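Engineer: Next comes the structure file model_38.cif, holding mmCIF, C-alpha atoms and all ligand atoms.
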data_coords
loop_
_atom_site.label_atom_id
_atom_site.label_comp_id
_atom_site.auth_asym_id
_atom_site.auth_seq_id
_atom_site.Cartn_x
_atom_site.Cartn_y
_atom_site.Cartn_z
CA MET A 204 50.38 151.52 151.49
CA GLN A 205 50.03 154.04 148.74
CA ASN A 206 53.20 156.03 148.27
CA ILE A 207 56.46 154.15 148.56
CA LEU A 208 59.91 155.73 148.69
CA VAL A 209 62.34 153.27 147.13
CA THR A 210 65.77 154.48 148.23
CA GLY A 211 68.58 153.23 146.00
CA GLY A 212 65.96 152.61 143.32
CA ALA A 213 68.30 153.55 140.46
CA GLY A 214 70.54 150.59 141.23
CA PHE A 215 70.23 146.98 140.14
CA ILE A 216 67.69 145.49 142.56
CA GLY A 217 65.98 148.81 143.30
CA SER A 218 65.14 149.48 139.64
CA ASN A 219 63.80 145.93 139.19
CA LEU A 220 61.78 146.38 142.38
CA ALA A 221 60.35 149.76 141.30
CA ARG A 222 59.16 148.21 138.03
CA PHE A 223 57.83 145.14 139.84
CA LEU A 224 55.83 147.17 142.38
CA LEU A 225 54.30 149.41 139.70
CA THR A 226 53.08 146.29 137.88
CA GLN A 227 51.94 144.37 140.96
CA HIS A 228 50.11 147.23 142.66
CA PRO A 229 48.16 149.44 140.22
CA ASP A 230 47.18 151.79 143.08
CA TYR A 231 50.72 152.47 144.35
CA THR A 232 52.95 155.43 143.59
CA ILE A 233 56.67 154.70 143.51
CA VAL A 234 59.15 157.46 144.27
CA VAL A 235 62.75 156.49 143.61
CA TYR A 236 65.19 158.42 145.81
CA ASP A 237 68.80 157.95 144.75
CA LYS A 238 72.17 159.70 144.97
CA LEU A 239 73.24 158.31 141.57
CA THR A 240 76.65 157.06 142.63
CA TYR A 241 78.73 155.10 140.10
CA ALA A 242 76.20 152.26 140.60
CA GLY A 243 73.06 154.37 140.13
CA ASN A 244 71.85 154.71 136.57
CA LEU A 245 68.70 156.33 135.19
CA ASP A 246 68.93 154.02 132.16
CA ASN A 247 67.75 151.29 134.56
CA LEU A 248 64.45 153.15 134.94
CA ARG A 249 64.10 154.40 131.37
CA ASP A 250 61.05 152.28 130.54
CA ILE A 251 59.03 153.52 133.53
CA ALA A 252 60.18 157.16 133.45
CA LYS A 253 56.91 158.36 131.92
CA ASN A 254 54.62 156.31 134.17
CA PRO A 255 52.32 158.81 135.98
CA ARG A 256 52.65 156.76 139.18
CA TYR A 257 56.45 157.09 139.18
CA ALA A 258 58.71 159.96 140.27
CA PHE A 259 62.45 160.36 140.71
CA VAL A 260 64.19 162.41 143.42
CA HIS A 261 67.94 162.93 143.29
CA GLY A 262 69.20 162.79 146.88
CA ASP A 263 71.47 161.25 149.49
CA ILE A 264 69.99 159.13 152.29
CA CYS A 265 72.54 160.71 154.64
CA ASP A 266 70.90 164.11 154.06
CA ALA A 267 68.10 164.22 156.65
CA ALA A 268 66.56 167.47 155.36
CA ALA A 269 66.36 166.13 151.80
CA VAL A 270 64.84 162.84 152.99
CA GLU A 271 62.19 164.71 155.03
CA ARG A 272 61.42 166.96 152.06
CA ALA A 273 60.87 163.95 149.80
CA VAL A 274 58.65 162.28 152.42
CA ARG A 275 56.50 165.43 152.82
CA GLU A 276 56.31 166.39 149.13
CA HIS A 277 55.28 162.91 148.03
CA ALA A 278 53.10 162.04 151.07
CA ILE A 279 55.23 158.95 151.61
CA ASP A 280 53.86 156.25 153.93
CA THR A 281 56.47 153.51 153.34
CA ILE A 282 60.23 153.40 152.84
CA ILE A 283 61.96 150.43 151.23
CA ASN A 284 65.68 150.97 151.65
CA LEU A 285 68.04 149.59 149.02
CA ALA A 286 70.45 152.53 149.01
CA ALA A 287 73.86 151.19 149.86
CA GLU A 288 77.43 150.74 148.83
CA THR A 289 77.26 147.11 147.79
CA HIS A 290 80.50 145.77 146.38
CA VAL A 291 82.62 143.72 148.81
CA ASP A 292 85.90 144.29 146.91
CA ARG A 293 85.41 148.08 147.05
CA SER A 294 84.77 147.87 150.81
CA ILE A 295 88.13 146.12 151.15
CA MET A 296 89.84 148.94 149.21
CA ASP A 297 88.10 151.73 151.17
CA ALA A 298 85.21 151.32 153.60
CA ASP A 299 84.46 155.01 154.21
CA ALA A 300 81.39 155.33 151.95
CA PHE A 301 80.06 152.00 153.26
CA ILE A 302 79.97 153.26 156.83
CA ARG A 303 78.43 156.55 155.79
CA THR A 304 75.68 155.22 153.56
CA ASP A 305 74.96 151.74 154.88
CA VAL A 306 75.08 152.67 158.58
CA TYR A 307 74.52 156.42 158.97
CA GLY A 308 72.14 156.54 156.00
CA THR A 309 70.02 153.79 157.55
CA TYR A 310 69.91 155.79 160.79
CA VAL A 311 68.66 158.88 158.89
CA LEU A 312 65.88 156.85 157.26
CA LEU A 313 64.90 155.28 160.59
CA GLU A 314 64.64 158.75 162.12
CA ALA A 315 62.33 159.77 159.28
CA ALA A 316 60.27 156.58 159.79
CA LYS A 317 60.00 157.41 163.51
CA LYS A 318 59.11 161.05 162.96
CA PHE A 319 56.47 160.47 160.26
CA GLY A 320 55.19 157.07 161.46
CA LEU A 321 56.27 155.30 158.27
CA ARG A 322 56.37 151.58 157.52
CA TYR A 323 60.05 150.71 156.93
CA HIS A 324 61.56 147.79 155.05
CA GLN A 325 65.29 147.12 154.85
CA VAL A 326 66.80 145.13 152.01
CA GLY A 327 69.58 143.31 153.80
CA THR A 328 72.02 140.57 152.88
CA ASP A 329 72.92 136.98 153.74
CA GLU A 330 76.52 138.19 154.15
CA VAL A 331 75.69 139.33 157.71
CA TYR A 332 75.87 135.67 158.83
CA GLY A 333 79.47 135.33 157.62
CA TRP A 334 81.07 132.18 156.23
CA VAL A 335 78.67 129.26 156.76
CA GLU A 336 80.85 126.15 156.89
CA GLU A 337 77.98 123.73 157.50
CA GLY A 338 74.20 123.80 157.46
CA SER A 339 72.16 126.89 156.59
CA SER A 340 71.65 130.24 158.31
CA LYS A 341 68.41 130.88 160.13
CA GLU A 342 67.23 134.42 160.85
CA THR A 343 67.93 133.91 164.57
CA ASP A 344 71.60 132.99 163.98
CA ALA A 345 74.33 135.29 165.24
CA LEU A 346 75.50 138.04 162.89
CA LEU A 347 79.21 137.40 162.21
CA PRO A 348 80.10 139.65 159.26
CA ARG A 349 83.63 139.30 157.90
CA SER A 350 84.01 142.08 155.32
CA PRO A 351 83.60 145.83 155.89
CA TYR A 352 80.56 145.71 153.56
CA ALA A 353 78.93 142.88 155.51
CA ALA A 354 79.73 144.63 158.80
CA SER A 355 78.08 147.84 157.58
CA LYS A 356 74.94 145.90 156.60
CA ALA A 357 74.90 143.99 159.92
CA SER A 358 75.20 147.32 161.77
CA ALA A 359 72.15 148.55 159.88
CA ASP A 360 70.18 145.41 160.86
CA LEU A 361 71.05 145.98 164.53
CA LEU A 362 70.06 149.65 164.37
CA ILE A 363 66.71 148.66 162.86
CA HIS A 364 66.12 146.18 165.66
CA SER A 365 66.81 148.91 168.20
CA TYR A 366 64.32 151.29 166.53
CA VAL A 367 61.64 148.57 166.54
CA VAL A 368 62.16 147.85 170.23
CA THR A 369 62.76 151.39 171.49
CA HIS A 370 60.71 153.56 169.15
CA GLN A 371 58.13 151.07 167.84
CA VAL A 372 59.15 151.74 164.23
CA GLN A 373 57.18 149.33 162.02
CA ALA A 374 60.16 147.70 160.36
CA THR A 375 60.98 144.42 158.64
CA ILE A 376 64.20 143.12 157.09
CA THR A 377 64.83 140.71 154.23
CA ARG A 378 68.27 139.10 153.96
CA GLY A 379 68.82 138.20 150.34
CA ALA A 380 71.28 135.85 148.70
CA ASN A 381 73.22 136.90 145.55
CA ASN A 382 70.98 138.35 142.86
CA ILE A 383 71.46 138.02 139.12
CA GLY A 384 69.43 139.48 136.27
CA PRO A 385 69.00 142.60 134.12
CA TYR A 386 70.68 145.92 135.00
CA GLN A 387 73.39 144.58 137.34
CA TYR A 388 76.51 146.75 137.28
CA PRO A 389 79.30 144.74 135.60
CA GLU A 390 81.60 144.75 138.65
CA LYS A 391 79.56 141.89 140.20
CA VAL A 392 80.78 138.47 139.19
CA VAL A 393 78.02 137.28 136.84
CA PRO A 394 77.70 140.39 134.64
CA LEU A 395 81.50 140.78 134.79
CA PHE A 396 82.03 137.24 133.51
CA VAL A 397 79.26 137.48 130.89
CA THR A 398 80.42 140.80 129.43
CA ASN A 399 84.10 139.79 129.52
CA ALA A 400 83.28 136.50 127.80
CA ILE A 401 81.32 138.30 125.07
CA ASP A 402 84.50 140.34 124.41
CA ASN A 403 86.81 137.27 124.69
CA LEU A 404 88.47 138.76 127.80
CA PRO A 405 89.67 136.65 130.76
CA LEU A 406 87.23 135.73 133.55
CA PRO A 407 89.17 136.46 136.79
CA LEU A 408 88.18 133.66 139.18
CA TYR A 409 89.26 134.21 142.80
CA GLY A 410 91.28 131.54 144.60
CA ASP A 411 90.32 127.98 143.69
CA GLY A 412 86.87 128.98 142.42
CA ARG A 413 85.26 126.57 144.87
CA GLN A 414 83.41 129.22 146.85
CA GLN A 415 79.64 128.74 146.95
CA ARG A 416 76.88 131.25 146.42
CA ASP A 417 73.09 130.99 146.17
CA TYR A 418 72.52 132.91 142.91
CA GLN A 419 68.84 133.87 142.69
CA PHE A 420 66.91 135.69 139.97
CA VAL A 421 66.37 139.33 140.92
CA LEU A 422 62.59 139.21 140.31
CA ASP A 423 62.25 136.28 142.71
CA HIS A 424 64.00 138.41 145.31
CA CYS A 425 61.61 141.30 144.52
CA GLU A 426 58.66 138.96 145.09
CA GLY A 427 60.10 137.99 148.45
CA ILE A 428 60.50 141.64 149.45
CA ASP A 429 56.91 142.40 148.37
CA LEU A 430 55.62 139.43 150.36
CA VAL A 431 57.43 140.44 153.55
CA LEU A 432 56.34 144.04 153.12
CA HIS A 433 52.70 142.96 153.05
CA LYS A 434 52.61 139.76 155.11
CA GLY A 435 55.78 139.86 157.21
CA LYS A 436 55.64 140.36 160.96
CA VAL A 437 56.93 143.72 162.12
CA GLY A 438 60.25 143.43 163.92
CA GLU A 439 61.22 140.25 162.06
CA ALA A 440 63.89 139.37 159.51
CA TYR A 441 63.30 136.94 156.61
CA ASN A 442 65.91 135.15 154.48
CA VAL A 443 65.33 135.26 150.70
CA GLY A 444 67.15 132.77 148.46
CA THR A 445 66.67 129.53 146.58
CA GLY A 446 68.32 127.43 149.28
CA ARG A 447 70.69 125.90 146.67
CA GLU A 448 74.38 126.78 146.43
CA ILE A 449 76.53 126.79 143.30
CA TYR A 450 80.34 126.73 143.02
CA ASN A 451 81.77 129.80 141.28
CA ILE A 452 83.79 127.59 138.93
CA ASP A 453 80.60 125.83 137.80
CA MET A 454 78.85 129.17 137.27
CA ALA A 455 81.83 130.39 135.17
CA ARG A 456 81.82 127.21 133.04
CA MET A 457 78.07 127.52 132.45
CA VAL A 458 78.41 131.16 131.35
CA LEU A 459 81.08 130.16 128.83
CA GLN A 460 79.05 127.22 127.61
CA MET A 461 75.93 129.38 127.12
CA LEU A 462 77.98 131.86 125.09
CA GLY A 463 79.87 129.20 123.12
CA LYS A 464 83.23 130.42 124.49
CA PRO A 465 86.27 128.30 125.51
CA GLU A 466 87.06 127.40 129.14
CA SER A 467 90.57 128.73 128.55
CA LEU A 468 89.09 132.20 129.23
CA ILE A 469 88.96 131.31 132.96
CA GLN A 470 91.94 132.89 134.70
CA TYR A 471 92.63 131.94 138.32
CA VAL A 472 93.71 135.03 140.26
CA ALA A 473 94.61 135.84 143.87
CA ASP A 474 91.76 135.30 146.30
CA ARG A 475 89.69 138.05 147.96
CA PRO A 476 91.04 138.75 151.48
CA GLY A 477 88.70 137.27 154.10
CA HIS A 478 86.66 135.60 151.34
CA ASP A 479 83.55 133.90 152.71
CA ARG A 480 83.71 130.49 151.04
CA ARG A 481 80.07 129.65 151.48
CA TYR A 482 76.73 131.27 152.22
CA SER A 483 73.65 129.15 152.69
CA LEU A 484 70.19 130.28 153.67
CA ASP A 485 67.40 128.43 155.40
CA VAL A 486 64.36 129.96 153.67
CA ASN A 487 61.60 128.09 155.51
CA LYS A 488 60.38 131.18 157.34
CA LEU A 489 59.57 132.88 154.02
CA ARG A 490 58.06 129.66 152.63
CA VAL A 491 55.53 129.76 155.47
CA LEU A 492 54.35 133.11 154.06
CA GLY A 493 53.67 131.30 150.77
CA TRP A 494 56.84 131.99 148.79
CA GLU A 495 58.69 129.78 146.30
CA PRO A 496 61.45 130.95 143.94
CA GLY A 497 60.11 131.15 140.38
CA HIS A 498 63.39 130.31 138.64
CA THR A 499 65.99 127.58 138.95
CA PHE A 500 69.63 128.69 138.90
CA GLU A 501 69.95 127.45 135.31
CA GLN A 502 66.89 129.47 134.18
CA ALA A 503 68.06 132.56 136.04
CA LEU A 504 71.54 132.36 134.51
CA GLU A 505 70.17 131.69 131.02
CA GLN A 506 67.87 134.74 131.19
CA THR A 507 70.66 136.88 132.58
CA VAL A 508 73.17 135.88 129.90
CA GLN A 509 70.56 136.50 127.19
CA TRP A 510 69.74 139.94 128.60
CA TYR A 511 73.40 141.03 128.42
CA VAL A 512 73.68 139.64 124.89
CA ASP A 513 70.58 141.63 123.87
CA ASN A 514 71.42 144.85 125.74
CA GLU A 515 74.93 145.90 124.84
CA TRP A 516 73.62 149.51 124.65
CA TRP A 517 73.19 149.34 128.42
CA TRP A 518 76.52 147.88 129.58
CA ARG A 519 79.08 148.97 126.97
CA LYS A 520 79.00 152.60 128.01
CA LEU A 521 79.41 151.61 131.70
CA LYS A 522 82.72 149.92 130.91
CA SER A 523 84.56 153.20 130.61
CA GLY A 524 85.80 156.03 132.87
CA GLU A 525 85.42 155.11 136.57
CA TYR A 526 84.98 151.43 135.71
CA VAL A 527 88.27 151.20 133.82
CA GLU A 528 90.11 152.84 136.70
CA TYR A 529 88.47 150.48 139.23
CA TYR A 530 89.17 147.43 137.03
CA ARG A 531 92.83 148.35 136.76
CA LYS A 532 93.19 148.78 140.53
CA GLN A 533 91.28 145.59 141.29
CA TYR A 534 92.71 143.23 138.69
CA ALA A 535 95.89 144.54 137.01
CA GLU A 536 98.25 143.43 139.79
CA ARG A 537 96.19 140.41 140.81
CA LYS A 538 98.16 137.28 139.99
P1 LIG A 601 73.62 148.67 143.51
O1 LIG A 601 75.03 148.92 143.90
O2 LIG A 601 73.31 148.18 142.15
O3 LIG A 601 72.75 149.99 143.74
C1 LIG A 601 72.84 150.77 144.90
C2 LIG A 601 72.05 152.04 144.64
O4 LIG A 601 72.10 152.86 145.83
C3 LIG A 601 72.61 152.90 143.50
O5 LIG A 601 71.55 153.33 142.67
C4 LIG A 601 73.26 154.07 144.21
O6 LIG A 601 73.26 155.26 143.45
C5 LIG A 601 72.37 154.20 145.44
N1 LIG A 601 73.06 154.86 146.58
C6 LIG A 601 74.28 154.61 147.07
N2 LIG A 601 74.56 155.44 148.08
C7 LIG A 601 73.46 156.23 148.25
C8 LIG A 601 73.13 157.27 149.14
N3 LIG A 601 73.99 157.69 150.08
N4 LIG A 601 71.93 157.85 149.03
C9 LIG A 601 71.04 157.46 148.08
N5 LIG A 601 71.31 156.49 147.18
C10 LIG A 601 72.50 155.88 147.28
O7 LIG A 601 73.03 147.68 144.62
P2 LIG A 601 72.10 146.40 144.51
O8 LIG A 601 72.93 145.25 144.15
O9 LIG A 601 70.91 146.75 143.73
O10 LIG A 601 71.70 146.24 146.04
C11 LIG A 601 70.60 146.93 146.58
C12 LIG A 601 70.44 146.56 148.04
O11 LIG A 601 70.26 145.16 148.17
C13 LIG A 601 71.65 146.91 148.89
O12 LIG A 601 71.21 147.36 150.14
C14 LIG A 601 72.39 145.59 149.05
O13 LIG A 601 73.10 145.55 150.26
C15 LIG A 601 71.23 144.62 149.05
N6 LIG A 601 71.52 143.27 148.55
C16 LIG A 601 72.13 143.09 147.33
C17 LIG A 601 72.32 141.79 146.84
C18 LIG A 601 72.95 141.55 145.50
O14 LIG A 601 73.23 140.40 145.16
N7 LIG A 601 73.19 142.55 144.67
C19 LIG A 601 71.90 140.71 147.61
C20 LIG A 601 71.31 140.93 148.86
C21 LIG A 601 71.11 142.22 149.29
O1 LIG A 602 75.25 137.51 149.12
C1 LIG A 602 74.65 138.74 148.86
C2 LIG A 602 75.70 139.69 148.39
O2 LIG A 602 76.08 139.26 147.08
C3 LIG A 602 75.26 141.13 148.36
O3 LIG A 602 74.97 141.55 149.66
C4 LIG A 602 76.36 142.02 147.76
O4 LIG A 602 75.92 143.36 147.65
C5 LIG A 602 76.71 141.49 146.39
O5 LIG A 602 77.78 142.23 145.86
C6 LIG A 602 77.07 140.02 146.46
O6 LIG A 602 78.33 139.84 147.17
P1 LIG A 602 79.43 138.79 146.67
O7 LIG A 602 80.73 139.17 147.22
O8 LIG A 602 78.98 137.39 146.89
O9 LIG A 602 79.31 139.09 145.07
P2 LIG A 602 80.43 139.23 143.95
O10 LIG A 602 79.68 139.29 142.66
O11 LIG A 602 81.40 140.29 144.24
O12 LIG A 602 81.17 137.83 144.05
C7 LIG A 602 80.47 136.59 143.93
C8 LIG A 602 81.47 135.46 144.09
O13 LIG A 602 82.37 135.49 142.96
C9 LIG A 602 82.34 135.58 145.31
O14 LIG A 602 82.61 134.29 145.81
C10 LIG A 602 83.63 136.22 144.78
C11 LIG A 602 83.73 135.67 143.37
N1 LIG A 602 84.37 136.57 142.39
C12 LIG A 602 83.94 137.86 142.32
C13 LIG A 602 84.49 138.74 141.41
C14 LIG A 602 84.02 140.17 141.33
C15 LIG A 602 85.36 136.10 141.55
O15 LIG A 602 85.74 134.92 141.60
N2 LIG A 602 85.91 136.98 140.65
C16 LIG A 602 85.52 138.28 140.55
O16 LIG A 602 86.09 139.01 139.71
#
Would you mind writing the file out in structure tokens?

Structural biologist:
Amino acid sequence: MQNILVTGGAGFIGSNLARFLLTQHPDYTIVVYDKLTYAGNLDNLRDIAKNPRYAFVHGDICDAAAVERAVREHAIDTIINLAAETHVDRSIMDADAFIRTDVYGTYVLLEAAKKFGLRYHQVGTDEVYGWVEEGSSKETDALLPRSPYAASKASADLLIHSYVVTHQVQATITRGANNIGPYQYPEKVVPLFVTNAIDNLPLPLYGDGRQQRDYQFVLDHCEGIDLVLHKGKVGEAYNVGTGREIYNIDMARMVLQMLGKPESLIQYVADRPGHDRRYSLDVNKLRVLGWEPGHTFEQALEQTVQWYVDNEWWWRKLKSGEYVEYYRKQYAERK
């Protein structure tokens, strides 16, 4: 691998991954290809913008001609796809862009991988397994997505499988648990709670707050992706998470404690329709490749909270315009 196209690289995980790959692999060139939707942000890549091994291409993964042009112009040999609509609540409001980008966009990239003989890696999600009432999901478990977002990501995983089997595309998938860390758009629960708490605003906790998530540090996830890219078996999927679940209410209390804010800021609001109460990943398959998460949940949360405290320049300007409109629609009537 020499020249990697990181699609969706101006988003949260993609920008962390672009930076991580540049550091880990001094001989690689990283080309970020991104549509710059509301979630894409060139500020996320500001510190690597002048790196001679980095380039940015503004484009849509649904645009086959633009994807092919980027592949040719940058002599791309590998695609890592992170371009997606990613927020479950938005997929409940309107799933259109999710189907376009997460499903059709994946198809366009697979066609490019087939045509140019590229290595392909898909950054997938644990949400494809659906609500896990007991035990932990293995990669061979049935895909039972329950939100339009999760269904769009599961569709992408199935398409990839079909391209491996039918067209021998050299593809792998990672299915990651919830990420936290620097540069996460403040619609996702942790940066939403942290930035609201800093401003003494309510933390809207869905339902009884006893849903469980495996919150992992974004750079641990990036390490897992890198490992599967280099050591994973083509055609296989790998779960990436810590294997430990946390209740949302406990996460909210810890955020408030870390910021020295009162618990009275927690505001219970109506639950998310179809809310998956628990995800849980069996990560033994990735462990066999030599992987261990580098951060505990407490360390990951601490570093995340500190980053938002130190980087108001980054998030304050995001909490305007489109965000305010979305926040009103999502929370104003939610009692
Ligand atoms: P994000 O919402 O922060 O960023 C998504 C990026 O994709 C943005 O930069 C956006 O501009 C870009 N994008 C959207 N539509 C596009 C299109 N049509 N063409 C090109 N670019 C487009 O997302 P994230 O949280 O960084 O997630 C990245 C990937 O990881 C997604 O595929 C997501 O499903 C997956 N994932 C996320 C998590 C998580 O906790 N955030 C966990 C597991 C897996
Ligand atoms: O599990 C991986 C997935 O994690 C990724 O595939 C998704 O792209 C990513 O958005 C994330 O999905 P979740 O739905 O788990 O993340 P979110 O931050 O939206 O919510 C986390 C938990 O917090 C969930 O149980 C819902 C709850 N929540 C969320 C918001 C936004 C609240 O209680 N209040 C909120 O305001």

Engineer: Step by step: start from the point (70.5, 157.6, 155.0) in the file's coordinates, keep every protein, DNA or RNA residue that has an atom no farther than 7 Å from it, count all atoms listed in the file, and write the set as JSON, numbers by chain.

Structural biologist: {"A": [263, 264, 265, 266, 304, 307, 308, 309, 310, 311, 312]}

Engineer: What residues of the protein or nucleic acid chains come within 7 Å of ligand LIG 601 (chain A) when you use only C-alpha atoms and all ligand atoms? Reply as number ranges by chain.

Structural biologist: A: 210-217, 236-244, 262-265, 284-290, 304, 308, 326-329, 356, 378-383, 387-388

Engineer: For the contact check between chain A and ligand LIG 602 (chain A), emit one row per residue of chain A within 8 Å, containing the shortest atom pair and the distance in Å rounded to one decimal, counting only C-alpha atoms and all ligand atoms, chain then rising number order, as CSV.

Structural biologist:
residue,atom,partner,partner_atom,distance
A:Glu288,CA,A:LIG602,O4,7.6
A:Thr289,CA,A:LIG602,O4,4.0
A:His290,CA,A:LIG602,O5,4.5
A:Val291,CA,A:LIG602,O7,5.2
A:Asp292,CA,A:LIG602,O11,6.6
A:Gly327,CA,A:LIG602,O3,7.0
A:Thr328,CA,A:LIG602,O3,4.5
A:Asp329,CA,A:LIG602,O1,5.2
A:Glu330,CA,A:LIG602,O1,5.2
A:Tyr352,CA,A:LIG602,O4,7.9
A:Ala353,CA,A:LIG602,O3,7.2
A:Gly379,CA,A:LIG602,C1,6.0
A:Ala380,CA,A:LIG602,O1,4.3
A:Asn381,CA,A:LIG602,O2,4.0
A:Asn382,CA,A:LIG602,O2,6.7
A:Glu390,CA,A:LIG602,C14,5.8
A:Lys391,CA,A:LIG602,O10,3.6
A:Val392,CA,A:LIG602,O10,3.7
A:Val393,CA,A:LIG602,O10,6.4
A:Leu395,CA,A:LIG602,O16,7.0
A:Phe396,CA,A:LIG602,O16,7.6
A:Leu406,CA,A:LIG602,O16,7.1
A:Pro407,CA,A:LIG602,O16,5.0
A:Leu408,CA,A:LIG602,O15,3.7
A:Tyr409,CA,A:LIG602,O15,3.8
A:Gly410,CA,A:LIG602,O15,7.1
A:Gly412,CA,A:LIG602,O15,6.1
A:Gln414,CA,A:LIG602,O14,5.2
A:Gln415,CA,A:LIG602,O14,6.4
A:Arg416,CA,A:LIG602,O8,6.5
A:Asp417,CA,A:LIG602,O1,7.5
A:Asn451,CA,A:LIG602,O13,6.0
A:Asp474,CA,A:LIG602,O15,7.6
A:Arg475,CA,A:LIG602,C10,7.1
A:His478,CA,A:LIG602,O14,7.0
A:Asp479,CA,A:LIG602,O14,7.0
A:Arg480,CA,A:LIG602,O14,6.6
A:Arg481,CA,A:LIG602,O14,7.8
A:Tyr482,CA,A:LIG602,O1,7.1
A:Tyr534,CA,A:LIG602,O16,7.9

Engineer: So which residues touch Val512 (chain A) within 10 Å, counting all atoms listed in the file, skipping near sequence neighbours fewer than 6 positions away, as a list in words?

Structural biologist: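 Selected residues are Val397, Thr398, Ile401, Leu462, Gln506 and Trp518 of chain A.
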
Engineer: What gap, in Å, lies between CA of Val260 (chain A) and CA of Val234 (chain A)?

Structural biologist: 7.1 Å

Engineer: Taking into account only C-alpha atoms, which residue in the set A:Leu248, A:Leu459, A:Ala345, A:Leu492 is nearest to Tyr441 (chain A)?

Structural biologist: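 For Tyr441 (chain A), the nearest of the given residues is A:Leu492.
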
Engineer: What separation in Å, quoted to one decimal, exists between CA of Val472 (chain A) and CA of Trp517 (chain A)?

Structural biologist: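 CA of Trp517 (chain A) lies 27.7 Å from CA of Val472 (chain A).
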